[in-house]
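Below is one structure, written out as structure tokens; the observations come after it.
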Amino acid sequence: MKKRKKLILLVAAAVLALAGIIGIVVFAVTRPPKPAGIERLTVGDGKVCRVGILRDSQLDQPGSEDLYEQHVVTALECMKDQGVDMLIFAGDFCDLATDEAYGKFNAAMQAVYGEETPIKLFIMGNHDYWYENDDSSTTPKQKMFVKNMGESPWSHKVVNGIHFIGASPSSASGYSEKTCEWIEEQIQIAIQESEPGAPVFVVTHHNPQDTAYGSDDWGDSALTELFNKYEQVVSISGHSHYSILDERSIYQKNFTAFTTQSLAYIELEGGKFDAYQGKESGIPPRGEERPMGLIMNVGQKQTVIERWNLLEKKEEKAASRWTLTYPMEKGNFQYLTDTRALARPAPGFSKEAEISYDPAIPSYKGDGTSLPGISFPAAEHPDFVHAYSIQLTNTKDGKRYEYEVFSDFYLGLQTMADPVRIALDPALPGGNYTVRVYARESFGKFSDNFLETQLDWTQPAQTKTAGSQ
């Protein structure tokens with residue numbers, strides 16, 4: 001009897017021990033990574049830190065694997081050529097979270113930098129939370145990030161006395177209350193440790209909602225609510241793929257925010273028409289051709305931000321660098337949206353400009369097709385023309401067709417097309433039309449004058465460009 005009781009006790013103890021081991025294993029598997037502690041570093045003379053900012057490589061996206069991988073290599077080469085001391089990557093390393101996609105990024109880093117890499121501040125994006133058949137779980141993806149990138153998803157680094165906080169989203173959908181509480185704790189530590197009015201850089205993947213260009217579509221309102229409390233905050237974000245050449249990409253009101261630009265492809269606001277896509281779209285033509293990035297010169301009295309065309313390795317808008325002057329207080333903010341919008345002139349056409357019928361405008365898709373449309377001299381503006389509004393009024397029944405088309409500003413301001421060639425909607429019914437063209441700049445002002453012509457239109461079928469096979 002005693003032996004039986006002893007056996008029962010031994011079995012019970014074994015079961016409890018096994019349960020404890022299973023509990024420890026389950027806890028270890030399901031426990032998310034911890035935020036990193038504060039890391040303090042000095043670069044150069046301790047006065048200026050040159051910081052490169054990249055994001056959204058979306059490696060291994062089907063159909064674009066080789067292109068996006070080359071974009072990463074070329075972008076890193078540009079950062080190295082420019083001597084950046086610190087490299088920020090604001091999320092979306094992968095199209096879907098895989099060791100292979102992370103491995104391609106790390107291989108590019110190794111190929112360009114070898115073992116002497118700059119200081120790294122890397123965070124996750126929403127795509128880094130996506131498995132092929134699982135978008136909802138978070139901890140496995142966070143651990144995959146840590147394993148591959150060697151960093152916590154949440155970090156705080158102090159470089160030359162300036163604070164940089166890196167905050168991955170809590171999940172693919174955005175920032176939880178718990179993550180925002182951690183961010184706020186780090187902001188408060190940074191303010192306490194910094195000189196009065198020094199910037200506190202906060203890197204997130206999602207934009208704070210309704211701030212910089214694109215944040216209305218791709219923003220997180222929890223971040224805006226948090227950052228509104230701290231005028232020292234300088235928000236750096238990814239997620240939207242909007243162009244940094246647009247001056248709306250920097251924002252100041254209660255704090256400072258600027259968006260960066262995708263290494264993968266450009267996406268802009270929806271509603272612009274593209275005859276070759278046959279729909280209104282926010283994906284402009286040739287949007288994969290010009291990845292761009294930022295370089296910040298972070299000093300003790302000001303931060304100056306450069307915009308870089310990464311493939312061509314040249315600075316865009318060098319005469320219009322963004323400058324953040326300390327102290328970071330509202331009285332020093334010079335990028336107020338309403339103030340800038342009022343100060344900007346409208347675009348305009350020259351008096352000699354005329355619309356011409358263009359019988360064959362080649363498709364940018366490289367498939368040899370063409371469509372008829374119109375051609376005219378580009379409108380003029382001190383910054384750039386963002387879009388053209390096309391109005392076609394049927395002279396017989398008075399029916400009006402109207403749509404807007406992006407200019408090609410996002411490919412680089414020095415290479416904008418002139419003349420402008422726009423393929424018209426092939427579904428437009430045949431007839432005689434009065435055609436008007438207006439130009440619009442990025443803050444919304446339309447040209448004071450317009451171009452007008454009469455056009456006899458025959459509804460076309462797509463045709464092969466001359467000389468194509």
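Chain labels A, B, ... are given in the sequence in which chains occur in the structure tokens; within each chain residues are numbered consecutively from 1, and ligands are likewise numbered from 1 in the order shown.
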**Asked** Skipping near chain neighbours, those fewer than 4 positions away, what residues fall within 12 Å of A:Pro382 using only C-alpha atoms, listed as a VMD selection string?
**Response** chain A and resid 317 319 to 320 343 to 348 386 413 441 to 442
Take the residues that were just selected and, keeping C-alpha atoms, output them as an mmCIF file, in the first residue's frame.
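Okay, this is what ended up in selection.cif:
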```cif
data_model
loop_
_atom_site.group_PDB
_atom_site.id
_atom_site.type_symbol
_atom_site.label_atom_id
_atom_site.label_comp_id
_atom_site.auth_asym_id
_atom_site.auth_seq_id
_atom_site.Cartn_x
_atom_site.Cartn_y
_atom_site.Cartn_z
ATOM 1 C CA LYS A 317 15.654 70.111 -54.310
ATOM 2 C CA ALA A 319 17.983 74.646 -52.621
ATOM 3 C CA SER A 320 14.890 73.708 -50.585
ATOM 4 C CA ALA A 343 1.876 81.778 -49.817
ATOM 5 C CA ARG A 344 2.189 79.506 -52.836
ATOM 6 C CA PRO A 345 1.440 80.949 -56.285
ATOM 7 C CA ALA A 346 -0.811 79.263 -58.808
ATOM 8 C CA PRO A 347 0.791 77.557 -61.804
ATOM 9 C CA GLY A 348 0.342 79.029 -65.265
ATOM 10 C CA HIS A 386 1.358 68.206 -59.391
ATOM 11 C CA LEU A 413 11.961 67.554 -60.935
ATOM 12 C CA GLU A 441 0.085 72.633 -57.821
ATOM 13 C CA SER A 442 0.475 70.300 -54.851
#
```
**Request:** Enumerate as a ChimeraX atom specification all residues of stretch 160-382 of chain A assigned to strand (DSSP E) by DSSP on the backbone, naming them with the chain letters and numbers the document uses.
**Result:** /A:162-167,200-204,207-208,219-220,233-237,250-252,256-259,272-274,279-281,292-298,302-309,314-316,322-325,356-362,369-376
Sorted by chain and rising residue number, which residues of stretch 35-88 of chain A lie within 12 Å of stretch 265-283 of chain A, and what are their closest atom pairs and distances in Å to one decimal, counting only C-alpha atoms, as CSV?
```
residue,atom,partner,partner_atom,distance
A:Arg55,CA,A:Tyr265,CA,11.0
A:Asp56,CA,A:Tyr265,CA,8.7
A:Ser57,CA,A:Tyr265,CA,8.7
A:Gln58,CA,A:Tyr265,CA,9.3
A:Leu59,CA,A:Tyr265,CA,11.6
A:Gln61,CA,A:Tyr265,CA,11.1
A:Ser64,CA,A:Tyr265,CA,10.1
A:Leu67,CA,A:Tyr265,CA,10.4
A:Tyr68,CA,A:Tyr265,CA,8.8
A:His71,CA,A:Tyr265,CA,10.1
```
Stretch 106-131 of chain A near stretch 73-80 of chain A within 9 Å: what's each residue's closest atom pair and its distance in Å to one decimal, counting only C-alpha atoms, ordered by chain then ascending residue number, as JSON lines?
```
{"residue": "A:Ala108", "atom": "CA", "partner": "A:Val73", "partner_atom": "CA", "distance": 5.4}
{"residue": "A:Met109", "atom": "CA", "partner": "A:Leu76", "partner_atom": "CA", "distance": 7.1}
{"residue": "A:Ala111", "atom": "CA", "partner": "A:Val73", "partner_atom": "CA", "distance": 8.0}
{"residue": "A:Val112", "atom": "CA", "partner": "A:Glu77", "partner_atom": "CA", "distance": 6.1}
{"residue": "A:Tyr113", "atom": "CA", "partner": "A:Lys80", "partner_atom": "CA", "distance": 7.5}
{"residue": "A:Pro118", "atom": "CA", "partner": "A:Lys80", "partner_atom": "CA", "distance": 8.8}
```
**Request:** Might you pull out every residue within 10 Å of A:Met124, with only C-alpha atoms counted and same-chain residues fewer than 3 positions away left off, and present them as a list in words?
**Result:** Arg55, Asp56, Phe89, Ala90, Gly91, Asp92, Phe93, Cys94, His127, Asp128, Tyr129, Lys141, Gln142, Phe145, Val146, Ser152, Pro153, Trp154, Gly166, Ala167, Ser168, Pro169, Ser170, Ser171, Ala172, Thr204 and His205 of chain A
**Request:** Could you find all residues in stretch 28-239 of chain A that DSSP calls helix (DSSP H, G or I) from the backbone, and write them as number ranges by chain?
**Result:** A: 28-30, 65-81, 99-113, 126-129, 139-149, 177-193, 215-218, 221-227
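Near stretch 184-191 of chain A, within 8 Å and counting only C-alpha atoms, sit His156, His163, Ile165, Pro196, Ala198, Val200, Leu226, Gln232 and Val233 of chain A; same-chain residues fewer than 5 positions away were not included.
Residue nearest A:Asp338 within the list A:Gly444, A:Gly197, A:Gly161, A:Gly287: A:Gly444 [criterion: smallest interatomic distance, only C-alpha atoms].
Of the listed residues (A:Thr179, A:Ser243, A:Ser356, A:Thr256), A:Thr256 comes nearest to A:Thr211; the distances count only C-alpha atoms.
Within the 9 Å cut-off around A:Ile355, using only C-alpha atoms and omitting residues fewer than 4 positions from it on the same chain, the listed residues are Ile374, Ser375, Phe376, Pro377, Val435, Arg436, Val437, Leu451, Glu452 and Thr453 of chain A.
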What would the file look like if the residues just selected were written as a short mmCIF file (atom, residue, chain, number, x, y, z; two decimals), in the first residue's frame with N, CA and C atoms?
```cif
data_model
loop_
_atom_site.label_atom_id
_atom_site.label_comp_id
_atom_site.auth_asym_id
_atom_site.auth_seq_id
_atom_site.Cartn_x
_atom_site.Cartn_y
_atom_site.Cartn_z
N ILE A 374 -3.64 64.01 -76.16
CA ILE A 374 -3.28 65.41 -76.39
C ILE A 374 -1.87 65.67 -75.91
N SER A 375 -1.28 66.71 -76.48
CA SER A 375 0.06 67.14 -76.11
C SER A 375 0.05 68.66 -75.95
N PHE A 376 0.81 69.16 -74.96
CA PHE A 376 0.86 70.60 -74.73
C PHE A 376 2.11 70.94 -73.92
N PRO A 377 2.60 72.19 -74.01
CA PRO A 377 3.75 72.60 -73.21
C PRO A 377 3.43 72.54 -71.72
N VAL A 435 -11.98 71.02 -75.52
CA VAL A 435 -11.02 70.47 -74.54
C VAL A 435 -10.37 71.62 -73.78
N ARG A 436 -10.43 71.55 -72.47
CA ARG A 436 -9.72 72.51 -71.61
C ARG A 436 -8.75 71.77 -70.70
N VAL A 437 -7.60 72.38 -70.48
CA VAL A 437 -6.60 71.81 -69.58
C VAL A 437 -6.20 72.87 -68.55
N LEU A 451 -5.62 76.07 -71.16
CA LEU A 451 -5.48 75.84 -72.59
C LEU A 451 -6.80 75.28 -73.12
N GLU A 452 -7.13 75.65 -74.36
CA GLU A 452 -8.41 75.20 -74.92
C GLU A 452 -8.25 74.93 -76.41
N THR A 453 -8.95 73.90 -76.88
CA THR A 453 -8.98 73.58 -78.31
C THR A 453 -10.25 72.82 -78.63
#
```
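Among the candidates A:Tyr213, A:Phe406, A:Tyr438, A:Tyr433, the one nearest to A:Gln454 when counting only C-alpha atoms is A:Tyr433.
Neighbours of A:Ala212 closer than or equal to 10 Å, with only C-alpha atoms counted and sequence neighbours fewer than 5 positions away skipped, come out as Asn207, Gly219, Ser235, Ile236, Ser237, Ser240, Tyr242, Ile244, Asp246, Glu247, Arg248, Ser249, Ile250, Tyr251, Gln252, Thr256, Ala257, Phe258, Thr259, Thr260 and Thr337 of chain A.
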Show which residues sit within 7 Å of A:Val48, as a PDB file with N, CA, C and O atoms, in the first residue's frame. Count only C-alpha atoms, and ignore same-chain residues fewer than 4 positions away.
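Listing of part-v3.pdb after writing:
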```pdb
ATOM      1  N   ASN A 297      21.096  65.865 -41.290  1.00  0.00           N
ATOM      2  CA  ASN A 297      22.304  66.334 -40.621  1.00  0.00           C
ATOM      3  C   ASN A 297      21.869  66.872 -39.259  1.00  0.00           C
ATOM      4  O   ASN A 297      21.376  67.994 -39.147  1.00  0.00           O
ATOM      5  N   VAL A 298      22.030  66.037 -38.234  1.00  0.00           N
ATOM      6  CA  VAL A 298      21.508  66.358 -36.903  1.00  0.00           C
ATOM      7  C   VAL A 298      22.615  67.006 -36.089  1.00  0.00           C
ATOM      8  O   VAL A 298      23.596  66.355 -35.701  1.00  0.00           O
ATOM      9  N   GLY A 299      22.476  68.300 -35.857  1.00  0.00           N
ATOM     10  CA  GLY A 299      23.472  69.044 -35.105  1.00  0.00           C
ATOM     11  C   GLY A 299      22.967  69.463 -33.742  1.00  0.00           C
ATOM     12  O   GLY A 299      21.892  69.062 -33.301  1.00  0.00           O
TER      13      GLY A 299
END
```
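Of the listed residues (A:Trp130, A:Phe164, A:Phe227, A:Phe122), A:Trp130 comes nearest to A:Thr98; the distances count only C-alpha atoms.
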**Asked** How far is it from atom CA of A:Met86 to atom CA of A:Glu69, in Å with one decimal?
**Response** 21.0 Å
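Across the structure, atom CA of A:Ser363 and atom CA of A:Glu404 are spaced 17.9 Å apart.
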